[in-house]
Amino acid sequence: MKAELKTQTKTAPLRKSFLTRGATSPEHAAFLRQKRLTSLGVLGTQLLILIAVILLWEIGARLGWVNSFIFSQPSKVWAAFLAKAADGSLFYHTWITVYETLVGFLLGTLVGTLLAILIWASPFLARVLDPYIVIFNSMPKVALGPIFIVAFGQGFLSIVMMALAISVVVTTIVVYTSFRDVDANMIKLVTTFGGTRRHVFQKVVFPAALPTILSTLKVNVGLAWIGVIVGEFLVAQKGLGYLIIYGFQVFNLTLVMLALVVILIVSTLMYHLVAYLEKKSLRWRD
Amino acid sequence: MKTAISFSGVDQKYMTHAGETAALQGIDLTIEAGEFVGLVGPSGCGKSTILSLIAGLFKPTHGEIRAFDRPVEKPSAERGYMFQQDYLLPWRTIEQNIVLGLEIMGALNDETRTRALTLLNEMGLGETAGKYPHQLSGGMRQRVALVRTLAADPQIILLDEPFSALDYQIKLLLEDLIVDTLKQRSLTGVLVTHDLGEAIAMCDRIYVMKSHPGRIKSVHTVPDSIRELSPLEARESTEFHHLFREVWGDLQDES
């Protein structure tokens, strides 16, 4: 602490600014400044691209370069947003879709992990199920849509089952592989203390695989969105997927664009929320 | 003197699709309680297999193994195992790591936890209880692993080249620490190593093994003059070099 103060006073005219905050020496300040300038440059360029695309789209539509009847335009999408937000229907459909996605991806992760535990516990079962897992994994799950509707009805259950079908096998495979990749010596360690297979799982295999399970959660958010939107396309009663299909059928492409933008924003938020939770639960790593 | 470990007529064969490989053949040995025994030999001589058999990780194809006059059926906390690396669980704090064995045995309570923490203190690592393994150096981590083994209150300690991943200097210090700890508690030790000097400096008796299949070739008793010294000092003595040459010659015939 003392040494720190000393260097601070020695290099007294350390200029404090937004770019050099937290600097401990002029050299460090220059280093921080350089790094932060680059970061700001990246962020600025990213924003610039976004604004340019929106502007070009709007101007292009007004000047007739792009057909605004087919591709809509930002000002119309904004107006639609205000109207749909005012009557509450946008939040209703968004909430329906978010709810289905949450249920779908939590269920996909949970069922996938449970299946992985089951086949880890029984190597015999793992060998028996192997070809079935491979077949189901390589199959496009969306093709099961009609069967789900017949079996689970025109609604919530079919949509959630679609999200589940898309994410469950990938989860099972990834989590099971991470169970199997646990260092054999860590397992031996538990065994030498007289531990059973249950101890091995509780003390070593599960905690070691937890980072993988949490990162499949991130992948599953994306997969669940695919399942839910496809499900809503097929069932078409409510939700953002329904808004897209409905907008398409009545040729209200502004509605389609609005639904797309909302999906973009909400799915990004959800992804970052899961990534944040993952980081928080793995604090032992840093 | 009580017998800690005995092998009588032990054979170990590994089965594969192509056939069987004899890893050990006709092993007879006796280790007294409180003795520290080294196993040296070329790779493939089955010295690690002997350690696993004592640990009870698997059963021999033929023959019998007894520990303190009871047949070895399965692993038990009575026989502690030290690995080549520390294998501390990275998601557990040091305190949570050293009580792992107690947890598995169902013996974790305030008393045993306090004893484990006292041990940690004795090793000069009391400060690290709340830290995570990656915050410690290699030598500190191996000392924590020693505490984890000792906390389960074993009678026998099996050491599977526990210093091979460490810097030379740290390895010498740890050798001293382990010999001291074992003698103080009159524990029985079995050390597997390919470092002959290490075996001579630490052990009371050395089994030289030969391979294909693994058999015991000869047994050397380390003279008192070396045993009275710490491993670090022992390496300096003339008797050490004398015995080293003798056992070295024995090993050379093999390869």
# chains A, B, ... in the order shown; residues from 1 in each chain; ligands from 1
$ interface_residues --of "chain A" --to "chain B" --cutoff "12 Å" --atoms "only C-alpha atoms" --output "PyMOL selection string"
chain A and resi 182-211+281-286
$ write_last_selection --atoms "N, CA and C atoms" --output "tab-separated table (two decimals), in the first residue's frame"
chain	number	residue	atom	x	y	z
A	182	VAL	N	-14.02	-37.22	-17.92
A	182	VAL	CA	-13.46	-36.86	-16.62
A	182	VAL	C	-12.21	-37.70	-16.37
A	183	ASP	N	-11.15	-37.04	-15.91
A	183	ASP	CA	-9.87	-37.68	-15.66
A	183	ASP	C	-10.04	-38.96	-14.84
A	184	ALA	N	-9.56	-40.08	-15.40
A	184	ALA	CA	-9.73	-41.38	-14.74
A	184	ALA	C	-9.08	-41.39	-13.36
A	185	ASN	N	-8.03	-40.60	-13.18
A	185	ASN	CA	-7.36	-40.58	-11.87
A	185	ASN	C	-8.19	-39.92	-10.79
A	186	MET	N	-9.06	-38.96	-11.20
A	186	MET	CA	-9.94	-38.33	-10.21
A	186	MET	C	-10.97	-39.35	-9.73
A	187	ILE	N	-11.39	-40.22	-10.66
A	187	ILE	CA	-12.33	-41.27	-10.29
A	187	ILE	C	-11.64	-42.27	-9.37
A	188	LYS	N	-10.37	-42.60	-9.73
A	188	LYS	CA	-9.59	-43.52	-8.91
A	188	LYS	C	-9.42	-42.96	-7.50
A	189	LEU	N	-9.24	-41.64	-7.42
A	189	LEU	CA	-9.07	-40.97	-6.13
A	189	LEU	C	-10.26	-41.27	-5.21
A	190	VAL	N	-11.47	-41.11	-5.75
A	190	VAL	CA	-12.67	-41.37	-4.95
A	190	VAL	C	-12.73	-42.86	-4.59
A	191	THR	N	-12.37	-43.72	-5.54
A	191	THR	CA	-12.42	-45.16	-5.30
A	191	THR	C	-11.45	-45.58	-4.19
A	192	THR	N	-10.26	-44.94	-4.16
A	192	THR	CA	-9.28	-45.36	-3.15
A	192	THR	C	-9.74	-45.03	-1.73
A	193	PHE	N	-10.67	-44.09	-1.60
A	193	PHE	CA	-11.23	-43.82	-0.27
A	193	PHE	C	-12.39	-44.76	0.03
A	194	GLY	N	-12.59	-45.76	-0.81
A	194	GLY	CA	-13.69	-46.69	-0.60
A	194	GLY	C	-15.00	-46.18	-1.16
A	195	GLY	N	-14.95	-45.18	-2.05
A	195	GLY	CA	-16.18	-44.60	-2.60
A	195	GLY	C	-16.88	-45.51	-3.59
A	196	THR	N	-18.21	-45.42	-3.62
A	196	THR	CA	-19.01	-46.20	-4.57
A	196	THR	C	-19.15	-45.42	-5.88
A	197	ARG	N	-19.84	-46.03	-6.85
A	197	ARG	CA	-20.06	-45.35	-8.13
A	197	ARG	C	-20.91	-44.09	-7.93
A	198	ARG	N	-21.79	-44.16	-6.94
A	198	ARG	CA	-22.60	-42.99	-6.61
A	198	ARG	C	-21.74	-41.84	-6.09
A	199	HIS	N	-20.78	-42.18	-5.22
A	199	HIS	CA	-19.83	-41.17	-4.74
A	199	HIS	C	-19.04	-40.58	-5.89
A	200	VAL	N	-18.59	-41.48	-6.78
A	200	VAL	CA	-17.80	-41.03	-7.94
A	200	VAL	C	-18.59	-39.98	-8.71
A	201	PHE	N	-19.89	-40.26	-8.90
A	201	PHE	CA	-20.72	-39.32	-9.65
A	201	PHE	C	-20.90	-38.00	-8.90
A	202	GLN	N	-21.26	-38.12	-7.61
A	202	GLN	CA	-21.54	-36.91	-6.82
A	202	GLN	C	-20.31	-36.05	-6.59
A	203	LYS	N	-19.19	-36.68	-6.28
A	203	LYS	CA	-18.02	-35.92	-5.84
A	203	LYS	C	-17.16	-35.45	-7.01
A	204	VAL	N	-17.14	-36.22	-8.09
A	204	VAL	CA	-16.20	-35.89	-9.17
A	204	VAL	C	-16.88	-35.68	-10.52
A	205	VAL	N	-17.61	-36.68	-11.00
A	205	VAL	CA	-18.07	-36.65	-12.39
A	205	VAL	C	-19.05	-35.49	-12.63
A	206	PHE	N	-20.03	-35.35	-11.76
A	206	PHE	CA	-21.00	-34.28	-11.98
A	206	PHE	C	-20.39	-32.88	-11.85
A	207	PRO	N	-19.67	-32.60	-10.73
A	207	PRO	CA	-19.07	-31.27	-10.65
A	207	PRO	C	-18.09	-30.99	-11.79
A	208	ALA	N	-17.35	-32.01	-12.23
A	208	ALA	CA	-16.39	-31.78	-13.31
A	208	ALA	C	-17.10	-31.46	-14.62
A	209	ALA	N	-18.30	-32.04	-14.80
A	209	ALA	CA	-19.03	-31.83	-16.05
A	209	ALA	C	-19.93	-30.60	-15.99
A	210	LEU	N	-20.08	-30.02	-14.80
A	210	LEU	CA	-21.01	-28.89	-14.65
A	210	LEU	C	-20.74	-27.74	-15.61
A	211	PRO	N	-19.48	-27.35	-15.83
A	211	PRO	CA	-19.25	-26.28	-16.82
A	211	PRO	C	-19.81	-26.64	-18.19
A	281	SER	N	-21.85	-18.92	-11.69
A	281	SER	CA	-21.81	-20.20	-10.99
A	281	SER	C	-20.47	-20.90	-11.13
A	282	LEU	N	-19.56	-20.35	-11.93
A	282	LEU	CA	-18.24	-20.97	-12.10
A	282	LEU	C	-17.14	-20.07	-11.58
A	283	ARG	N	-17.42	-19.41	-10.44
A	283	ARG	CA	-16.46	-18.43	-9.95
A	283	ARG	C	-15.15	-19.05	-9.49
A	284	TRP	N	-15.16	-20.38	-9.17
A	284	TRP	CA	-13.92	-21.02	-8.71
A	284	TRP	C	-12.85	-21.04	-9.78
A	285	ARG	N	-13.24	-20.72	-11.03
A	285	ARG	CA	-12.25	-20.83	-12.10
A	285	ARG	C	-11.32	-19.64	-12.20
A	286	ASP	N	-11.74	-18.48	-11.63
A	286	ASP	CA	-10.80	-17.35	-11.74
A	286	ASP	C	-10.22	-16.91	-10.40
$ select_by_dssp --residues "range 22-249 of chain B" --states "strand (DSSP E or B)" --output "PyMOL selection string"
chain B and resi 22-32+36-40+62-67+70-71+79-82+156-160+188-192+205-210+214-221
$ write_last_selection --atoms "N, CA and C atoms" --output "short mmCIF file (atom, residue, chain, number, x, y, z; two decimals), in the first residue's frame"
data_model
loop_
_atom_site.label_atom_id
_atom_site.label_comp_id
_atom_site.auth_asym_id
_atom_site.auth_seq_id
_atom_site.Cartn_x
_atom_site.Cartn_y
_atom_site.Cartn_z
N ALA B 22 0.69 -61.53 -18.93
CA ALA B 22 1.02 -61.72 -17.52
C ALA B 22 1.72 -60.48 -17.02
N ALA B 23 1.09 -59.77 -16.08
CA ALA B 23 1.70 -58.57 -15.53
C ALA B 23 2.56 -58.91 -14.32
N LEU B 24 2.09 -59.86 -13.52
CA LEU B 24 2.83 -60.27 -12.33
C LEU B 24 2.82 -61.79 -12.24
N GLN B 25 3.92 -62.36 -11.78
CA GLN B 25 3.97 -63.82 -11.65
C GLN B 25 4.65 -64.21 -10.35
N GLY B 26 3.93 -64.98 -9.56
CA GLY B 26 4.49 -65.54 -8.33
C GLY B 26 5.09 -64.52 -7.38
N ILE B 27 4.32 -63.53 -7.04
CA ILE B 27 4.82 -62.50 -6.12
C ILE B 27 4.56 -62.93 -4.68
N ASP B 28 5.65 -63.00 -3.91
CA ASP B 28 5.55 -63.23 -2.46
C ASP B 28 6.30 -62.10 -1.80
N LEU B 29 5.62 -61.39 -0.93
CA LEU B 29 6.35 -60.38 -0.16
C LEU B 29 5.65 -60.10 1.15
N THR B 30 6.43 -59.61 2.08
CA THR B 30 5.90 -59.30 3.41
C THR B 30 6.43 -57.93 3.82
N ILE B 31 5.54 -57.08 4.24
CA ILE B 31 5.96 -55.76 4.70
C ILE B 31 5.50 -55.60 6.14
N GLU B 32 6.45 -55.27 7.01
CA GLU B 32 6.13 -55.14 8.43
C GLU B 32 5.44 -53.80 8.70
N PHE B 36 9.00 -48.85 5.63
CA PHE B 36 8.84 -48.07 4.40
C PHE B 36 9.58 -48.82 3.29
N VAL B 37 8.80 -49.33 2.33
CA VAL B 37 9.37 -50.21 1.32
C VAL B 37 9.27 -49.55 -0.06
N GLY B 38 10.36 -49.70 -0.84
CA GLY B 38 10.36 -49.15 -2.19
C GLY B 38 10.29 -50.25 -3.23
N LEU B 39 9.58 -49.98 -4.33
CA LEU B 39 9.55 -50.90 -5.47
C LEU B 39 10.18 -50.19 -6.65
N VAL B 40 11.29 -50.76 -7.16
CA VAL B 40 11.92 -50.16 -8.34
C VAL B 40 12.05 -51.21 -9.44
N HIS B 62 -4.64 -64.86 -9.34
CA HIS B 62 -4.39 -65.95 -8.38
C HIS B 62 -3.69 -65.38 -7.16
N GLY B 63 -3.75 -66.14 -6.06
CA GLY B 63 -2.99 -65.78 -4.88
C GLY B 63 -3.79 -64.92 -3.92
N GLU B 64 -3.13 -64.59 -2.80
CA GLU B 64 -3.85 -63.86 -1.77
C GLU B 64 -3.06 -62.66 -1.28
N ILE B 65 -3.77 -61.59 -1.00
CA ILE B 65 -3.17 -60.38 -0.46
C ILE B 65 -3.88 -60.07 0.85
N ARG B 66 -3.08 -59.85 1.87
CA ARG B 66 -3.67 -59.51 3.16
C ARG B 66 -3.08 -58.20 3.67
N ALA B 67 -3.94 -57.43 4.32
CA ALA B 67 -3.48 -56.21 4.98
C ALA B 67 -3.90 -56.30 6.43
N ARG B 70 -6.14 -59.22 7.35
CA ARG B 70 -7.46 -59.39 6.74
C ARG B 70 -7.27 -59.40 5.23
N PRO B 71 -7.96 -60.29 4.53
CA PRO B 71 -7.81 -60.30 3.07
C PRO B 71 -8.27 -58.98 2.46
N ARG B 79 -6.07 -47.86 3.69
CA ARG B 79 -4.91 -47.83 2.80
C ARG B 79 -4.99 -46.57 1.92
N GLY B 80 -4.26 -45.54 2.31
CA GLY B 80 -4.30 -44.26 1.59
C GLY B 80 -3.43 -44.29 0.36
N TYR B 81 -3.81 -43.51 -0.66
CA TYR B 81 -3.12 -43.57 -1.95
C TYR B 81 -2.68 -42.17 -2.35
N MET B 82 -1.39 -42.03 -2.69
CA MET B 82 -0.89 -40.74 -3.19
C MET B 82 -0.55 -40.90 -4.66
N ILE B 156 -1.75 -47.50 6.19
CA ILE B 156 -0.77 -47.76 5.15
C ILE B 156 -0.87 -46.62 4.14
N ILE B 157 0.30 -46.14 3.66
CA ILE B 157 0.26 -45.11 2.62
C ILE B 157 0.96 -45.63 1.38
N LEU B 158 0.24 -45.61 0.26
CA LEU B 158 0.78 -46.09 -1.00
C LEU B 158 1.16 -44.88 -1.84
N LEU B 159 2.42 -44.84 -2.26
CA LEU B 159 2.91 -43.67 -2.99
C LEU B 159 3.28 -44.05 -4.42
N ASP B 160 2.52 -43.54 -5.38
CA ASP B 160 2.74 -43.89 -6.78
C ASP B 160 3.50 -42.75 -7.46
N THR B 188 2.88 -47.42 7.75
CA THR B 188 3.57 -48.27 6.78
C THR B 188 3.51 -47.58 5.43
N GLY B 189 4.65 -47.58 4.70
CA GLY B 189 4.66 -46.91 3.40
C GLY B 189 5.15 -47.84 2.30
N VAL B 190 4.55 -47.72 1.13
CA VAL B 190 5.05 -48.43 -0.05
C VAL B 190 5.23 -47.39 -1.15
N LEU B 191 6.47 -47.27 -1.64
CA LEU B 191 6.79 -46.25 -2.64
C LEU B 191 7.13 -46.92 -3.96
N VAL B 192 6.41 -46.53 -5.01
CA VAL B 192 6.77 -46.96 -6.35
C VAL B 192 7.49 -45.80 -7.02
N ARG B 205 13.66 -50.74 2.92
CA ARG B 205 13.95 -51.94 2.15
C ARG B 205 13.52 -51.69 0.72
N ILE B 206 14.25 -52.28 -0.24
CA ILE B 206 13.93 -52.04 -1.65
C ILE B 206 13.78 -53.35 -2.40
N TYR B 207 12.66 -53.47 -3.07
CA TYR B 207 12.44 -54.62 -3.94
C TYR B 207 12.80 -54.21 -5.36
N VAL B 208 13.72 -54.97 -5.98
CA VAL B 208 14.04 -54.73 -7.38
C VAL B 208 13.23 -55.71 -8.20
N MET B 209 12.55 -55.21 -9.24
CA MET B 209 11.68 -56.09 -10.03
C MET B 209 12.18 -56.21 -11.45
N LYS B 210 11.80 -57.29 -12.11
CA LYS B 210 12.11 -57.42 -13.53
C LYS B 210 10.82 -57.68 -14.29
N GLY B 214 6.23 -59.55 -14.72
CA GLY B 214 6.75 -58.87 -13.54
C GLY B 214 7.04 -59.85 -12.40
N ARG B 215 8.29 -59.88 -11.97
CA ARG B 215 8.68 -60.73 -10.85
C ARG B 215 9.60 -59.95 -9.93
N ILE B 216 9.77 -60.47 -8.71
CA ILE B 216 10.73 -59.83 -7.81
C ILE B 216 12.09 -60.43 -8.10
N LYS B 217 13.09 -59.56 -8.32
CA LYS B 217 14.41 -60.05 -8.66
C LYS B 217 15.27 -60.16 -7.41
N SER B 218 15.28 -59.10 -6.62
CA SER B 218 16.09 -59.13 -5.41
C SER B 218 15.54 -58.13 -4.40
N VAL B 219 15.97 -58.33 -3.15
CA VAL B 219 15.55 -57.42 -2.08
C VAL B 219 16.80 -56.85 -1.43
N HIS B 220 16.84 -55.55 -1.23
CA HIS B 220 18.00 -54.92 -0.60
C HIS B 220 17.56 -54.21 0.66
N THR B 221 18.28 -54.46 1.74
CA THR B 221 17.97 -53.75 2.97
C THR B 221 18.86 -52.51 3.04
#
$ select_by_dssp --residues "range 5-117 of chain A" --states "helix (DSSP H, G or I)" --output "number ranges by chain"
A: 5-10, 26-63, 68-71, 74-86, 89-117
$ closest_residue --among "A:Val42, A:Val168, A:Val150, A:Ala23" --to "Leu106 in chain A" --atoms "only C-alpha atoms"
A:Val168
$ residues_around --residues "Thr114 in chain B" --least-positions-apart "5" --cutoff "10 Å" --atoms "only C-alpha atoms" --output "list in words"
Val99, Leu108, Asn109, Leu119, Leu120 and Ala151 of chain B
$ residues_around --residues "Phe69 in chain A" --least-positions-apart "3" --cutoff "10 Å" --atoms "only C-alpha atoms" --output "tab-separated table (two decimals) with N, CA and C atoms, in the first residue's frame"
chain	number	residue	atom	x	y	z
A	61	ALA	N	-36.24	2.71	-49.13
A	61	ALA	CA	-37.69	2.48	-49.25
A	61	ALA	C	-38.39	3.74	-49.73
A	66	VAL	N	-35.84	-0.05	-52.77
A	66	VAL	CA	-36.37	-1.35	-52.32
A	66	VAL	C	-37.89	-1.23	-52.20
A	72	SER	N	-40.92	-3.81	-46.20
A	72	SER	CA	-41.30	-2.84	-45.17
A	72	SER	C	-40.23	-1.75	-45.04
A	73	GLN	N	-40.30	-0.97	-43.95
A	73	GLN	CA	-39.25	0.03	-43.72
A	73	GLN	C	-39.21	0.39	-42.26
A	251	PHE	N	-50.13	-10.60	-45.97
A	251	PHE	CA	-49.14	-9.75	-46.62
A	251	PHE	C	-48.88	-8.44	-45.89
A	252	ASN	N	-48.86	-8.55	-44.53
A	252	ASN	CA	-48.44	-7.41	-43.72
A	252	ASN	C	-47.00	-7.66	-43.31
A	253	LEU	N	-46.06	-7.31	-44.22
A	253	LEU	CA	-44.65	-7.64	-43.97
A	253	LEU	C	-44.05	-6.79	-42.86
A	254	THR	N	-44.69	-5.67	-42.57
A	254	THR	CA	-44.23	-4.85	-41.44
A	254	THR	C	-44.37	-5.62	-40.14
$ closest_residue --among "A:Asn137, A:Gln249, A:Thr101, A:Ser178" --to "Leu223 in chain A" --atoms "only C-alpha atoms"
A:Thr101
$ atom_distance --atom1 "CA of Thr97 in chain A" --atom2 "CA of Ala116 in chain A"
27.8 Å
$ closest_residue --among "B:Glu239, B:Asp250, B:Glu127, B:Asp69" --to "Pro223 in chain B" --atoms "only C-alpha atoms"
B:Glu239
$ residues_around --residues "Gly197 in chain B" --least-positions-apart "5" --cutoff "9 Å" --atoms "only C-alpha atoms" --output "PyMOL selection string"
chain B and resi 202+235+240-241+244
$ residues_around --residues "range 120-125 of chain A" --least-positions-apart "3" --cutoff "8 Å" --atoms "only C-alpha atoms" --output "JSON list (two decimals) with C-alpha atoms, in the first residue's frame"
[["chain", "number", "residue", "atom", "x", "y", "z"],
["A", 116, "ALA", "CA", -26.83, -38.70, -19.87],
["A", 117, "ILE", "CA", -26.73, -39.70, -16.19],
["A", 128, "VAL", "CA", -27.81, -50.61, -26.34],
["A", 129, "LEU", "CA", -29.04, -47.05, -26.94],
["A", 176, "TYR", "CA", -22.48, -37.83, -21.58],
["A", 179, "PHE", "CA", -18.98, -37.35, -18.04],
["A", 180, "ARG", "CA", -16.79, -39.83, -19.87]]
$ closest_residue --among "A:Val235, A:Leu82, A:Ile265, A:Val170" --to "Gln154 in chain A" --atoms "only C-alpha atoms"
A:Val235
$ residues_around --residues "His272 in chain A" --least-positions-apart "6" --cutoff "10 Å" --atoms "only C-alpha atoms" --output "list of chain:residue names"
A:Lys218, A:Val266, A:Glu278
$ atom_distance --atom1 "CA of Asp180 in chain B" --atom2 "CA of Leu125 in chain B"
17.0 Å
